[in-house]
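**Student:** This is the structure, below, for whatever I ask next.
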Amino acid sequence: MSPTSTPITASSAAADEPVTVARETPAWMITTLSVVCVIGAWEYFGRDVDPIFGSYPSAIAAAGWDLLKSGLLGRALWQSMQAFLVGYGLSIIVGVPLGLVIGRSRTVEAAIGVFITAAYAMPLVALVPFLVLLLGLGFAVKASVVFLMAVFPIIINTWLGVRAVPKTLIEVGKSFVASDFTILRRIVLPATIPYIMAGIKLAVGRAVVAMVIAEFFTAISGLGGIIINSANNFDTARMFVPVIVLMVLATALNGLVGWIERRVAPWQTEMSGRDG
């Protein structure tokens, strides 16, 4: 071996070998496998349950297909979605600005913050008979119930998000002589987006529950009407159809909100180290 030659050691040889990185299993694959396992177990064990007390996926699918062919499921879904979309949309339009104002203004927080907290803890279902007396049994009362059930999680999460904004960021804005509106729009609102989206996601579940409750207590119609009528006829498979539809609807809406959050605030995904 010449004096200028470099001996090949085990460490240098290992450095030349390609490094294999373990790939994580995609989240959608884990979710799909979990859903398939649950449905399979439900199908297997559900066949041994008395049809009066329970059902299984294939029977529910058959009942759903019958409802879909008759057009009853489509009409009921549309009736329910009208009240849901109006009430849920108004809760976002009202809840986000009100939460921002409460979080930014000490006076407003002291004046109405206690009422917001108390209203969130209050069982709003108890107000349904009063709302029926005030608004009747039609569309307005259903949208109002959805609105009242969904608006408070949005307000409170937005409020807490504003309070969680680091004081140093606001001081930086003030040092550049930024107005209160500019600080709110450029500093507070971007930092509060994760809290706002969390409140909107929580409001989805409450709005779906409120939609069904409103249909139970008012004019029996929509998906809630199918549930009530099927339960009265002991048709469990038919009763589960709108329940499954509502579960799928809430899951899809939560996914939509998450997609919007990743588009509106992509930096949050990068900061959390998650690929969404």
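If you're wondering about the labels, chains in the structure tokens are A, B, ... by order shown, residues count from 1 in each chain, ligands from 1 in order shown.
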What residues in segment 85-250 of chain A get the DSSP label alpha helix (DSSP H)? Please answer as a PyMOL selection string.
**Tutor:** chain A and resi 85-104+106-121+128-135+139-163+167-175+180-183+189-217+222-232+236-250
**Student:** Store the residues picked out above, limited to C-alpha atoms, as a compact mmCIF listing (two decimals), in the first residue's frame.
**Tutor:**
```
# COMPACT_ATOMS: atom_id res chain seq x y z
CA LEU A 85 -76.86 25.33 7.00
CA VAL A 86 -78.67 28.52 8.03
CA GLY A 87 -78.17 28.01 11.76
CA TYR A 88 -74.59 26.78 11.48
CA GLY A 89 -73.63 29.50 9.01
CA LEU A 90 -75.08 32.22 11.25
CA SER A 91 -73.22 30.78 14.24
CA ILE A 92 -69.91 31.21 12.38
CA ILE A 93 -70.80 34.70 11.13
CA VAL A 94 -71.79 35.86 14.63
CA GLY A 95 -69.48 33.74 16.77
CA VAL A 96 -66.08 34.54 15.25
CA PRO A 97 -66.36 38.38 15.31
CA LEU A 98 -67.96 38.34 18.77
CA GLY A 99 -65.20 36.11 20.13
CA LEU A 100 -62.55 38.42 18.66
CA VAL A 101 -64.19 41.48 20.22
CA ILE A 102 -64.54 39.84 23.65
CA GLY A 103 -60.93 38.69 23.60
CA ARG A 104 -59.57 42.09 22.55
CA ARG A 106 -61.41 44.12 28.49
CA THR A 107 -64.63 46.09 28.91
CA VAL A 108 -66.68 43.84 26.63
CA GLU A 109 -65.19 40.74 28.26
CA ALA A 110 -66.15 41.96 31.72
CA ALA A 111 -69.63 42.95 30.54
CA ILE A 112 -70.80 39.88 28.63
CA GLY A 113 -68.15 37.22 29.15
CA VAL A 114 -69.95 35.75 32.15
CA PHE A 115 -73.20 35.48 30.17
CA ILE A 116 -71.45 33.65 27.32
CA THR A 117 -69.94 31.15 29.74
CA ALA A 118 -73.25 30.64 31.54
CA ALA A 119 -75.18 30.20 28.28
CA TYR A 120 -72.68 27.59 27.07
CA ALA A 121 -73.16 25.57 30.27
CA VAL A 128 -86.92 24.63 22.80
CA PRO A 129 -90.51 24.89 24.16
CA PHE A 130 -90.03 28.62 24.68
CA LEU A 131 -88.67 29.01 21.15
CA VAL A 132 -91.64 27.06 19.80
CA LEU A 133 -94.00 29.49 21.54
CA LEU A 134 -92.01 32.41 20.17
CA LEU A 135 -91.30 31.24 16.60
CA PHE A 139 -88.18 26.52 9.74
CA ALA A 140 -87.28 29.51 11.97
CA VAL A 141 -87.35 27.59 15.23
CA LYS A 142 -85.18 24.79 13.81
CA ALA A 143 -82.55 27.19 12.55
CA SER A 144 -82.64 29.05 15.89
CA VAL A 145 -82.00 25.86 17.87
CA VAL A 146 -79.07 24.97 15.62
CA PHE A 147 -77.69 28.49 15.96
CA LEU A 148 -77.91 28.57 19.75
CA MET A 149 -76.30 25.15 20.12
CA ALA A 150 -73.43 25.92 17.74
CA VAL A 151 -72.54 29.57 18.39
CA PHE A 152 -71.14 29.30 21.93
CA PRO A 153 -68.28 26.85 21.22
CA ILE A 154 -67.15 29.16 18.41
CA ILE A 155 -67.32 32.27 20.61
CA ILE A 156 -65.48 30.69 23.52
CA ASN A 157 -62.73 29.09 21.42
CA THR A 158 -62.16 32.33 19.51
CA TRP A 159 -62.14 34.28 22.76
CA LEU A 160 -59.56 31.95 24.33
CA GLY A 161 -57.50 32.04 21.15
CA VAL A 162 -57.27 35.82 21.28
CA ARG A 163 -56.26 35.70 24.94
CA LYS A 167 -48.19 39.82 24.31
CA THR A 168 -44.83 40.37 22.63
CA LEU A 169 -46.42 40.07 19.18
CA ILE A 170 -48.94 42.77 20.00
CA GLU A 171 -46.22 45.00 21.43
CA VAL A 172 -44.26 44.63 18.19
CA GLY A 173 -47.29 45.84 16.26
CA LYS A 174 -47.72 48.80 18.61
CA SER A 175 -44.03 49.66 18.27
CA ASP A 180 -55.92 48.36 16.69
CA PHE A 181 -57.69 47.14 13.57
CA THR A 182 -54.37 46.37 11.85
CA ILE A 183 -53.13 44.48 14.91
CA LEU A 189 -56.50 36.84 13.67
CA PRO A 190 -53.75 34.67 12.06
CA ALA A 191 -52.58 33.51 15.49
CA THR A 192 -56.17 32.68 16.49
CA ILE A 193 -57.10 30.63 13.41
CA PRO A 194 -56.35 27.21 15.02
CA TYR A 195 -58.65 28.09 17.92
CA ILE A 196 -61.36 29.34 15.56
CA MET A 197 -61.21 26.15 13.51
CA ALA A 198 -61.33 24.03 16.66
CA GLY A 199 -64.47 25.87 17.74
CA ILE A 200 -66.04 25.41 14.30
CA LYS A 201 -65.28 21.68 14.45
CA LEU A 202 -66.85 21.38 17.90
CA ALA A 203 -69.86 23.31 16.65
CA VAL A 204 -70.45 20.78 13.85
CA GLY A 205 -71.38 18.02 16.30
CA ARG A 206 -73.55 20.29 18.40
CA ALA A 207 -75.30 21.64 15.30
CA VAL A 208 -76.11 18.14 14.04
CA VAL A 209 -77.53 17.17 17.45
CA ALA A 210 -79.51 20.43 17.59
CA MET A 211 -80.95 19.78 14.14
CA VAL A 212 -82.34 16.41 15.22
CA ILE A 213 -83.57 17.73 18.57
CA ALA A 214 -85.42 20.54 16.82
CA GLU A 215 -87.13 18.02 14.55
CA PHE A 216 -88.12 15.90 17.56
CA PHE A 217 -89.69 18.79 19.48
CA GLY A 222 -86.55 15.61 8.04
CA LEU A 223 -84.12 12.98 9.27
CA GLY A 224 -85.45 13.33 12.79
CA GLY A 225 -88.91 12.49 11.51
CA ILE A 226 -87.63 9.25 9.96
CA ILE A 227 -85.99 8.33 13.28
CA ILE A 228 -89.17 8.98 15.28
CA ASN A 229 -91.53 7.20 12.87
CA SER A 230 -89.22 4.19 12.48
CA ALA A 231 -88.76 3.87 16.25
CA ASN A 232 -92.53 3.97 16.75
CA THR A 236 -84.64 -0.58 13.82
CA ALA A 237 -82.81 -0.94 10.51
CA ARG A 238 -84.74 1.95 8.99
CA MET A 239 -84.18 4.02 12.14
CA PHE A 240 -80.40 3.59 11.87
CA VAL A 241 -80.28 4.96 8.31
CA PRO A 242 -80.57 8.67 9.24
CA VAL A 243 -78.26 8.09 12.21
CA ILE A 244 -75.55 6.78 9.86
CA VAL A 245 -76.22 9.65 7.44
CA LEU A 246 -75.74 12.18 10.25
CA MET A 247 -72.50 10.52 11.37
CA VAL A 248 -71.14 10.60 7.81
CA LEU A 249 -72.28 14.22 7.43
CA ALA A 250 -70.54 15.34 10.63
```
**Student:** What does the distance between atom CA of Phe234 of chain A and atom CA of Phe53 of chain A come to in Å, to one decimal place?
**Tutor:**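 Pair atom CA of Phe234 of chain A / atom CA of Phe53 of chain A returns 8.4 Å.
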**Student:** What lies within 7 Å of Tyr56 of chain A using only C-alpha atoms, ignoring chain neighbours under 6 positions off, as an MDAnalysis selection string?
**Tutor:** chainID A and resid 42:43 46:47
**Student:** Generate a file of the selected residues that holds C-alpha atoms, formatted as a PDB file, in the first residue's frame.
**Tutor:**
```pdb
ATOM      1  CA  TRP A  42     -70.892  -5.321  13.748  1.00  0.00           C
ATOM      2  CA  GLU A  43     -72.156  -7.403  10.815  1.00  0.00           C
ATOM      3  CA  GLY A  46     -75.312  -7.949  14.939  1.00  0.00           C
ATOM      4  CA  ARG A  47     -77.082 -10.824  13.208  1.00  0.00           C
TER       5      ARG A  47
END
```
**Student:** Rounded to one decimal, what separation in Å do you get between atom CA of Val165 of chain A and atom CA of Ser179 of chain A?
**Tutor:**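 Atom CA of Ser179 of chain A lies 16.9 Å from atom CA of Val165 of chain A.
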**Student:** Could you check the closest approach to Asp235 of chain A for each of A:Gly136, A:Pro123, A:Gly71, A:Pro51 and tell me which residue wins, using only C-alpha atoms?
**Tutor:** A:Pro51
**Student:** Nearest residue to Ser105 of chain A out of A:Leu184, A:Phe176, A:Thr251, A:Thr218, using only C-alpha atoms?
**Tutor:**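 Between A:Leu184, A:Phe176, A:Thr251, A:Thr218, the residue approaching Ser105 of chain A most closely is A:Leu184.
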**Student:** Could you jot down the atom CA of Asp50 of chain A to atom CA of Val36 of chain A separation for me, Å, one decimal place?
**Tutor:** 23.1 Å
